[in-house]
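Reading through the structure tokens given below for one structure.
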Amino acid sequence: MSNQLRYDGQVAVITGAGNGLGKVYALFFASRGAKVVVNDLGGSMSGSCRSLLYHFANYVTGDGASNRAADLVVEEIKKAGGEAVADYNSVSDNGAGIIKTAVEKFGRVDILINNAGILRDTSFVKMTEKDWDAVYSVHVKGTFLVTKAAWDVMRKQSYGRIINVTSTAGLYGNFGQANYSMAKLGLLGLAKTLALEGEGKGILVNTIAPLAASRLTETALPAEILNFLKPEAVIPLVGYLCHSSCSENGQVYEVGAGWFAKLRWQRSEGLLLDPKKGLTPEDVRDQWNKVEDWNRVSYPVSASDSFAEIMKAKL
Ligand code: NAD
């Protein structure tokens, strides 16, 4: 197929690629010519169903490390004629080690997918500091450590494609997932700033919120729904965003089961009061309809779009 998007000569690093979505990304990039670093500490799934209302009804610990998960994916890639290496570092313990593996084995890093993840679901009233720190550590600190190491390599190459993985729990909130929501929205903020800082060096950073059957969901959803939510259905978006021909940057998408959508902020025109006349809670209360008037809206894309509106009060 002549117009097939390919990644020949490129190196893709995928964290948490021993299972679920990460595994299908790894198989995909290898099948399209990339050399792949399959990172996974091989965490086992254990624990009880504690998430409320949410499809991720399981409690994934990331414990019980074994190298098998990453090894199996590498074996599968090699059997299909592709090139891959396993890496067993935890993103949060030695994120830089994952990039070191890529550079030592393949010499560069073109694509990074910050996919590794765990859950510690429980209502906020029951959430412990340990639950909070564990989720922060893998998602936020882990993404920081791996990306920081990849950043230097990508800047030297003047090329890179990075995907952060958020969740609808982060974008919209979700009962029982305060820690996960915090971490996942943090990854979007990180990606938006990296998109600004990386653009001049050819590094583009986007964020996806996938929905797919994985070991997280397999005991929580009926088979007919799981069959519908194939992880492979997320690949087309990830594949496109990670291709050199794609110029999307700093954006966020929802994706699953063949549906691909882009999100943006929408802001009401708002209520503008004169600070010189004194501002009271009553002023805001009495004109609340203007604060939330969705008939006149704008779509801010930068911090300066906010600054510009606020400075109108100065006029
Ligand atoms: P999964 O459990 O099947 O895969 C996650 C992988 O990450 C596992 O193989 C695990 O061993 C690995 N991992 C955990 N901690 C790690 C660490 N410290 N270092 C390296 N690897 C580690 O889950 P999945 O559903 O494929 O999720 C992949 C990503 O997508 C996660 O970030 C998750 O939060 C996100 N996500 C998934 C869905 C979905 O519907 N499946 C929805 C929203 C977001």
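As shown in the structure tokens, the chain order sets the letters A, B, ...; within each chain, residues go from 1, and ligands are also counted from 1 in the order they appear.
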
Do a neighbour search on range 241-246 of chain A at 9 Å with only C-alpha atoms, toss out local chain neighbours closer than 5 positions, and write the hits as a short mmCIF file (atom, residue, chain, number, x, y, z; two decimals) with N, CA and C atoms, in the first residue's frame.
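The result, written out as result35.cif:
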data_model
loop_
_atom_site.label_atom_id
_atom_site.label_comp_id
_atom_site.auth_asym_id
_atom_site.auth_seq_id
_atom_site.Cartn_x
_atom_site.Cartn_y
_atom_site.Cartn_z
N LEU A 5 1.08 4.76 6.30
CA LEU A 5 1.95 5.49 7.22
C LEU A 5 2.95 4.51 7.81
N ARG A 6 4.23 4.82 7.65
CA ARG A 6 5.25 3.89 8.14
C ARG A 6 6.26 4.63 9.03
N TYR A 7 7.03 3.85 9.76
CA TYR A 7 7.95 4.43 10.75
C TYR A 7 9.34 3.80 10.58
N ASP A 110 12.33 8.29 18.61
CA ASP A 110 11.46 9.14 17.78
C ASP A 110 10.06 9.25 18.35
N ILE A 111 9.60 8.17 18.96
CA ILE A 111 8.21 8.11 19.44
C ILE A 111 8.23 7.65 20.90
N LEU A 112 7.49 8.37 21.73
CA LEU A 112 7.35 7.94 23.13
C LEU A 112 5.87 7.95 23.48
N TYR A 159 13.63 16.16 16.50
CA TYR A 159 12.43 15.42 16.09
C TYR A 159 11.90 14.57 17.25
N GLY A 160 10.61 14.56 17.39
CA GLY A 160 10.00 13.65 18.36
C GLY A 160 8.49 13.71 18.31
N ARG A 161 7.88 12.62 18.68
CA ARG A 161 6.42 12.56 18.80
C ARG A 161 6.12 11.90 20.15
N ILE A 162 5.39 12.62 20.99
CA ILE A 162 5.09 12.10 22.33
C ILE A 162 3.58 12.05 22.53
N ILE A 163 3.12 10.95 23.09
CA ILE A 163 1.70 10.84 23.44
C ILE A 163 1.60 10.62 24.96
N LEU A 204 6.50 17.18 18.91
CA LEU A 204 5.05 17.42 19.04
C LEU A 204 4.48 16.50 20.12
N VAL A 205 3.63 17.07 20.95
CA VAL A 205 3.12 16.33 22.12
C VAL A 205 1.60 16.41 22.16
N ASN A 206 0.96 15.29 22.11
CA ASN A 206 -0.51 15.24 22.18
C ASN A 206 -0.96 14.27 23.26
N PRO A 236 -5.37 3.64 15.18
CA PRO A 236 -5.35 4.61 14.07
C PRO A 236 -5.01 6.03 14.52
#

DSSP alpha helix (DSSP H) residues within range 46-278 of chain A, as a PyMOL selection string: chain A and resi 68-79+91-106+129-135+142-157+168-172+178-198+223-228+235-241

Sorted per-residue table, chain A near ligand 1, closest atoms and distance, 8 Å, only C-alpha atoms and all ligand atoms, as CSV:
residue,atom,partner,partner_atom_place_in_ligand_line,distance
A:Thr15,CA,ligand 1,20 (C),5.7
A:Gly16,CA,ligand 1,7 (O),3.4
A:Ala17,CA,ligand 1,9 (O),5.7
A:Gly18,CA,ligand 1,9 (O),4.4
A:Asn19,CA,ligand 1,9 (O),4.2
A:Gly20,CA,ligand 1,26 (O),3.5
A:Leu21,CA,ligand 1,26 (O),3.8
A:Gly22,CA,ligand 1,26 (O),5.7
A:Lys23,CA,ligand 1,26 (O),7.6
A:Asn39,CA,ligand 1,20 (C),6.1
A:Asp40,CA,ligand 1,21 (N),4.0
A:Leu41,CA,ligand 1,20 (C),4.7
A:Gly42,CA,ligand 1,11 (O),4.3
A:Gly43,CA,ligand 1,11 (O),3.8
A:Ser44,CA,ligand 1,11 (O),6.5
A:Met45,CA,ligand 1,2 (O),7.4
A:His55,CA,ligand 1,40 (O),7.7
A:Phe56,CA,ligand 1,40 (O),7.4
A:Val60,CA,ligand 1,2 (O),6.8
A:Thr61,CA,ligand 1,14 (C),7.6
A:Gly62,CA,ligand 1,14 (C),4.8
A:Ala65,CA,ligand 1,11 (O),7.7
A:Ala69,CA,ligand 1,9 (O),7.0
A:Tyr88,CA,ligand 1,20 (C),7.1
A:Asn89,CA,ligand 1,19 (N),6.1
A:Ser90,CA,ligand 1,19 (N),3.4
A:Val91,CA,ligand 1,19 (N),4.1
A:Ser92,CA,ligand 1,18 (N),5.3
A:Asp93,CA,ligand 1,18 (N),7.2
A:Asn114,CA,ligand 1,32 (O),7.2
A:Asn115,CA,ligand 1,32 (O),4.4
A:Ala116,CA,ligand 1,7 (O),3.7
A:Gly117,CA,ligand 1,32 (O),3.8
A:Ile118,CA,ligand 1,14 (C),5.3
A:Leu119,CA,ligand 1,34 (O),7.3
A:Ser137,CA,ligand 1,18 (N),7.9
A:Val138,CA,ligand 1,18 (N),5.0
A:His139,CA,ligand 1,32 (O),6.9
A:Gly142,CA,ligand 1,18 (N),6.8
A:Val165,CA,ligand 1,32 (O),5.5
A:Thr166,CA,ligand 1,44 (C),5.6
A:Ser167,CA,ligand 1,43 (C),4.1
A:Thr168,CA,ligand 1,43 (C),6.5
A:Ala169,CA,ligand 1,43 (C),7.6
A:Tyr180,CA,ligand 1,34 (O),7.9
A:Lys184,CA,ligand 1,34 (O),7.5
A:Ala209,CA,ligand 1,43 (C),5.4
A:Pro210,CA,ligand 1,42 (C),4.7
A:Leu211,CA,ligand 1,40 (O),3.4
A:Ala212,CA,ligand 1,40 (O),3.9
A:Ala213,CA,ligand 1,41 (N),5.5
A:Ser214,CA,ligand 1,25 (O),4.7
A:Arg215,CA,ligand 1,3 (O),4.8
A:Leu216,CA,ligand 1,2 (O),5.4
A:Thr217,CA,ligand 1,41 (N),6.6
A:Pro231,CA,ligand 1,41 (N),7.5

Separation of CA of Met154 in chain A from CA of Gly200 in chain A in Å: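 These two atoms are separated by 11.5 Å.
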
Mind checking which residues fall within 12 Å of Val85 in chain A, counting only C-alpha atoms, ignoring those fewer than 5 positions away in the same chain, and posting them as a ChimeraX atom specification? /A:11-14,17-18,26,30,34-40,67,70-78,98-106

Looking at only C-alpha atoms, which of A:Tyr240, A:Phe307, A:Phe144, A:Tyr299 is the one that sits closest to Phe28 in chain A?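 Nearest to Phe28 in chain A: A:Tyr240.
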
Using only C-alpha atoms: which of A:Lys156, A:Gly95, A:Phe29, A:Lys126 has the shortest distance to Gly82 in chain A: A:Phe29

Using only C-alpha atoms for the distances, tell me which of A:Arg108, A:Lys314, A:Arg155, A:Lys130 is nearest to Asn179 in chain A.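 Under the stated criterion, the closest residue is A:Lys130.
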
Give me the residues of range 170-258 of chain A that have any atom at most 9 Å from an atom of range 263-270 of chain A; for each, the nearest atom pair and the distance in Å, rounded to one decimal. Use only C-alpha atoms, sort by chain and number, and format it as JSON lines.
{"residue": "A:Gln251", "atom": "CA", "partner": "A:Leu263", "partner_atom": "CA", "distance": 7.6}
{"residue": "A:Val252", "atom": "CA", "partner": "A:Leu263", "partner_atom": "CA", "distance": 5.8}
{"residue": "A:Tyr253", "atom": "CA", "partner": "A:Leu263", "partner_atom": "CA", "distance": 5.8}
{"residue": "A:Glu254", "atom": "CA", "partner": "A:Leu263", "partner_atom": "CA", "distance": 7.4}

Limited to N, CA, C and O atoms, could you put the picked residues into a file as a PDB file, in the first residue's frame?
ATOM      1  N   GLN A 251      -2.811  18.901  21.533  1.00  0.00           N
ATOM      2  CA  GLN A 251      -4.250  18.638  21.452  1.00  0.00           C
ATOM      3  C   GLN A 251      -4.632  17.424  22.297  1.00  0.00           C
ATOM      4  O   GLN A 251      -3.778  16.644  22.724  1.00  0.00           O
ATOM      5  N   VAL A 252      -5.930  17.267  22.495  1.00  0.00           N
ATOM      6  CA  VAL A 252      -6.421  16.133  23.286  1.00  0.00           C
ATOM      7  C   VAL A 252      -7.623  15.510  22.588  1.00  0.00           C
ATOM      8  O   VAL A 252      -8.471  16.227  22.056  1.00  0.00           O
ATOM      9  N   TYR A 253      -7.660  14.191  22.601  1.00  0.00           N
ATOM     10  CA  TYR A 253      -8.663  13.434  21.843  1.00  0.00           C
ATOM     11  C   TYR A 253      -9.297  12.358  22.717  1.00  0.00           C
ATOM     12  O   TYR A 253      -8.630  11.755  23.551  1.00  0.00           O
ATOM     13  N   GLU A 254     -10.557  12.098  22.451  1.00  0.00           N
ATOM     14  CA  GLU A 254     -11.213  10.915  23.009  1.00  0.00           C
ATOM     15  C   GLU A 254     -11.266   9.878  21.892  1.00  0.00           C
ATOM     16  O   GLU A 254     -11.560  10.217  20.740  1.00  0.00           O
TER      17      GLU A 254
END
